[in-house]
Amino acid sequence: MKSSPNRSGRYNIRVLDRAFRMLDLLADGTERSLTEISEAIDLNTSTTFRLVASLEYHRYLSRDEESGKYMLGIACLELAKSFQAGNALSRLAAPDLEALRDDVRETVHLAVLDGPDVVYLQKLPGLHAIGFLESRVGGRLPAYCTGLGKVLLAYADPAYVRDLIEGSHGTLERFTPTTITDVDELIDHLATIRERGYALDWGEHEPDVRCVAVPVFGKNGGIPAAISVAGPANRMEPLQENWTVIEATRATARRISFKLGYTPSDAQQTASRST
């Protein structure tokens, strides 16, 4: 993957960088005081106050009157809605994702890879109650310990994956007993995923969640996204033998891929990218 100029840092404007760092900080949904924001982004309180005041004026931040703490404002929601409405991939995939959710009755996701993380573009809650899934539209999780992230990493060059993981995470955090924390083991695991064409998540980020994830192919063999079906262990197990969910997810990914212009002749280009 090549870095675009605005990701290289060459044309960055300091005040905008600071404002975006502030928004990124609050994107986890945790309210923070002015002091907490200042300490987290390593700015003095007077500079932080000026930035917070500007973002609040433009409705990108909101202040709770009782606690005095700040959270993301309504303008962030408006931007997210505009992105969703204008995102061709989300619009194109939506009917197939809904059909998949209705078929398997579990939670369905559409996600993309952004650096070392997976970012969720869509989440269709399952028809069973499942309140413990951490995923949310616009949220991000480490790619190495999620089904969606692993299947997207599996089709990238192994050397690139190693550099990405080691450069971003250093050591891989263990979230559950099944989290892969050794980079060499992860690289081998990704090769297995690439060979079979789908990834399984054995509760590697959330211990009680199981997941089947499949890549979505685009024109010329690119992989712009992945989809998944996720549910609790007691309904998804035995995961490796849950062919109803595995095949339904693969069939849905194929339909979306064909809509994006993917053809069987693109498969060779896809294979060459992962070697």
# chains A, B, ... in the order shown; residues from 1 in each chain; ligands from 1
>>> residues_around(residues="Thr48 of chain A", least_positions_apart="6", cutoff="8 Å", atoms="only C-alpha atoms", output="list in words")
Leu34, Ile37 and Ser38 of chain A
>>> residues_around(residues="segment 15-26 of chain A", least_positions_apart="6", cutoff="10 Å", atoms="only C-alpha atoms", output="list in words")
Gly9, Arg32, Ile37, Ser38, Ala40, Ile41, Asp42, Leu43, Thr47, Thr48, Leu51, Val52, Ser54, Leu55, Tyr60, Leu61, Tyr70, Met71, Leu72, Gly73 and Cys76 of chain A
>>> atom_distance(atom1="atom CA of His128 of chain A", atom2="atom CA of Thr107 of chain A")
8.5 Å
>>> residues_around(residues="segment 227-241 of chain A", least_positions_apart="5", cutoff="10 Å", atoms="only C-alpha atoms", output="VMD selection string")
chain A and resid 93 97 100 to 101 104 to 112 120 to 126 128 to 133 147 to 148 151 to 152 198 to 203 206 to 216 246 248 to 250 252 to 253 256
>>> write_last_selection(atoms="N, CA and C atoms", output="short mmCIF file (atom, residue, chain, number, x, y, z; two decimals), in the first residue's frame")
data_model
loop_
_atom_site.label_atom_id
_atom_site.label_comp_id
_atom_site.auth_asym_id
_atom_site.auth_seq_id
_atom_site.Cartn_x
_atom_site.Cartn_y
_atom_site.Cartn_z
N ALA A 93 -23.57 -3.01 -0.92
CA ALA A 93 -23.58 -4.25 -0.13
C ALA A 93 -24.81 -4.39 0.74
N LEU A 97 -26.19 -7.84 2.64
CA LEU A 97 -25.91 -7.99 4.07
C LEU A 97 -27.20 -8.22 4.86
N LEU A 100 -28.32 -11.75 4.28
CA LEU A 100 -27.48 -12.67 5.05
C LEU A 100 -27.89 -12.68 6.51
N ARG A 101 -28.10 -11.49 7.08
CA ARG A 101 -28.52 -11.41 8.48
C ARG A 101 -29.84 -12.14 8.69
N VAL A 104 -29.10 -16.12 8.47
CA VAL A 104 -28.40 -16.78 9.57
C VAL A 104 -28.85 -16.30 10.95
N ARG A 105 -29.51 -15.14 10.98
CA ARG A 105 -30.10 -14.59 12.20
C ARG A 105 -29.07 -14.09 13.19
N GLU A 106 -27.81 -14.00 12.79
CA GLU A 106 -26.76 -13.49 13.66
C GLU A 106 -26.31 -12.11 13.15
N THR A 107 -25.43 -11.46 13.91
CA THR A 107 -24.97 -10.12 13.57
C THR A 107 -24.02 -10.15 12.37
N VAL A 108 -24.25 -9.24 11.44
CA VAL A 108 -23.47 -9.17 10.21
C VAL A 108 -22.72 -7.84 10.16
N HIS A 109 -21.46 -7.90 9.71
CA HIS A 109 -20.62 -6.70 9.61
C HIS A 109 -20.04 -6.53 8.21
N LEU A 110 -19.77 -5.29 7.87
CA LEU A 110 -18.95 -4.92 6.72
C LEU A 110 -17.84 -4.02 7.24
N ALA A 111 -16.59 -4.32 6.89
CA ALA A 111 -15.48 -3.55 7.45
C ALA A 111 -14.35 -3.42 6.44
N VAL A 112 -13.48 -2.44 6.70
CA VAL A 112 -12.30 -2.20 5.87
C VAL A 112 -11.07 -2.17 6.76
N TYR A 120 -15.31 -0.56 11.12
CA TYR A 120 -16.63 -1.08 10.77
C TYR A 120 -17.45 -0.05 10.00
N LEU A 121 -17.86 -0.44 8.79
CA LEU A 121 -18.72 0.43 7.97
C LEU A 121 -20.19 0.14 8.21
N GLN A 122 -20.53 -1.11 8.45
CA GLN A 122 -21.92 -1.47 8.71
C GLN A 122 -21.98 -2.55 9.78
N LYS A 123 -23.06 -2.49 10.55
CA LYS A 123 -23.35 -3.53 11.53
C LYS A 123 -24.86 -3.74 11.53
N LEU A 124 -25.27 -4.95 11.20
CA LEU A 124 -26.69 -5.31 11.23
C LEU A 124 -26.90 -6.27 12.39
N PRO A 125 -27.50 -5.79 13.48
CA PRO A 125 -27.69 -6.65 14.65
C PRO A 125 -28.48 -7.90 14.30
N GLY A 126 -28.11 -9.00 14.92
CA GLY A 126 -28.78 -10.27 14.69
C GLY A 126 -30.20 -10.27 15.21
N HIS A 128 -31.34 -12.54 17.11
CA HIS A 128 -31.30 -12.99 18.50
C HIS A 128 -30.72 -11.85 19.33
N ALA A 129 -30.99 -11.86 20.61
CA ALA A 129 -30.38 -10.87 21.49
C ALA A 129 -28.91 -11.17 21.68
N ILE A 130 -28.05 -10.16 21.42
CA ILE A 130 -26.60 -10.31 21.68
C ILE A 130 -26.07 -8.93 22.04
N GLY A 131 -25.96 -8.67 23.32
CA GLY A 131 -25.62 -7.33 23.76
C GLY A 131 -24.16 -7.10 24.06
N PHE A 132 -23.32 -8.11 23.88
CA PHE A 132 -21.94 -7.96 24.34
C PHE A 132 -20.95 -7.71 23.22
N LEU A 133 -21.39 -7.59 21.97
CA LEU A 133 -20.47 -7.29 20.88
C LEU A 133 -19.97 -5.86 20.98
N GLY A 147 -11.81 -11.55 13.25
CA GLY A 147 -11.98 -12.31 12.02
C GLY A 147 -11.87 -11.43 10.79
N LEU A 148 -12.55 -10.29 10.80
CA LEU A 148 -12.51 -9.36 9.67
C LEU A 148 -11.09 -8.88 9.41
N VAL A 151 -8.78 -11.73 7.97
CA VAL A 151 -9.00 -12.12 6.58
C VAL A 151 -8.51 -11.03 5.63
N LEU A 152 -8.55 -9.77 6.05
CA LEU A 152 -8.02 -8.68 5.23
C LEU A 152 -6.49 -8.70 5.22
N TYR A 198 -11.34 -18.04 4.06
CA TYR A 198 -12.15 -17.40 5.10
C TYR A 198 -11.41 -17.50 6.44
N ALA A 199 -11.79 -16.63 7.37
CA ALA A 199 -11.17 -16.61 8.69
C ALA A 199 -12.19 -16.97 9.76
N LEU A 200 -11.71 -17.60 10.81
CA LEU A 200 -12.52 -17.90 11.98
C LEU A 200 -11.95 -17.15 13.17
N ASP A 201 -12.81 -16.57 13.96
CA ASP A 201 -12.40 -15.86 15.18
C ASP A 201 -12.92 -16.65 16.36
N TRP A 202 -11.97 -17.19 17.12
CA TRP A 202 -12.30 -18.04 18.26
C TRP A 202 -12.31 -17.23 19.55
N GLY A 203 -13.00 -16.13 19.58
CA GLY A 203 -13.03 -15.31 20.79
C GLY A 203 -11.70 -14.66 21.06
N GLU A 206 -13.02 -10.79 22.00
CA GLU A 206 -14.08 -10.93 22.99
C GLU A 206 -14.28 -12.42 23.25
N PRO A 207 -14.07 -12.88 24.46
CA PRO A 207 -13.98 -14.32 24.72
C PRO A 207 -15.22 -15.13 24.35
N ASP A 208 -16.40 -14.55 24.43
CA ASP A 208 -17.61 -15.31 24.18
C ASP A 208 -18.14 -15.18 22.76
N VAL A 209 -17.40 -14.47 21.90
CA VAL A 209 -17.86 -14.22 20.53
C VAL A 209 -17.14 -15.15 19.56
N ARG A 210 -17.88 -15.68 18.60
CA ARG A 210 -17.30 -16.46 17.50
C ARG A 210 -17.69 -15.78 16.20
N CYS A 211 -16.83 -15.90 15.19
CA CYS A 211 -17.04 -15.13 13.97
C CYS A 211 -16.50 -15.88 12.76
N VAL A 212 -17.21 -15.74 11.63
CA VAL A 212 -16.75 -16.20 10.33
C VAL A 212 -16.60 -14.96 9.45
N ALA A 213 -15.44 -14.77 8.84
CA ALA A 213 -15.19 -13.58 8.02
C ALA A 213 -14.67 -13.99 6.65
N VAL A 214 -15.13 -13.29 5.61
CA VAL A 214 -14.80 -13.61 4.23
C VAL A 214 -14.43 -12.32 3.50
N PRO A 215 -13.39 -12.36 2.63
CA PRO A 215 -13.01 -11.14 1.90
C PRO A 215 -14.00 -10.81 0.79
N VAL A 216 -14.11 -9.52 0.52
CA VAL A 216 -14.87 -9.04 -0.64
C VAL A 216 -13.84 -8.57 -1.66
N ILE A 246 -20.80 -20.57 7.30
CA ILE A 246 -19.61 -20.36 6.47
C ILE A 246 -20.00 -20.20 5.00
N ALA A 248 -22.97 -19.52 3.68
CA ALA A 248 -23.84 -18.36 3.46
C ALA A 248 -23.01 -17.07 3.41
N THR A 249 -22.01 -16.98 4.26
CA THR A 249 -21.15 -15.80 4.27
C THR A 249 -20.32 -15.73 2.99
N ARG A 250 -19.79 -16.86 2.56
CA ARG A 250 -18.99 -16.89 1.33
C ARG A 250 -19.85 -16.53 0.11
N THR A 252 -22.52 -14.68 0.04
CA THR A 252 -22.83 -13.25 0.09
C THR A 252 -21.63 -12.42 -0.36
N ALA A 253 -20.44 -12.79 0.09
CA ALA A 253 -19.22 -12.07 -0.33
C ALA A 253 -19.03 -12.17 -1.84
N ILE A 256 -21.44 -9.71 -3.59
CA ILE A 256 -20.97 -8.33 -3.46
C ILE A 256 -19.75 -8.11 -4.36
#
>>> closest_residue(among="A:Gly68, A:Ser168, A:His58, A:Leu260", to="Arg91 of chain A", atoms="only C-alpha atoms")
A:Leu260
>>> select_by_dssp(residues="segment 177-244 of chain A", states="helix (DSSP H, G or I)", output="number ranges by chain")
A: 183-196, 219-221, 233-236, 239-241, 243-244
>>> closest_residue(among="A:Lys259, A:Pro264, A:Ile165, A:His189", to="Ala94 of chain A", atoms="only C-alpha atoms")
A:Lys259
>>> atom_distance(atom1="atom CA of Arg255 of chain A", atom2="atom CA of Ala154 of chain A")
20.6 Å
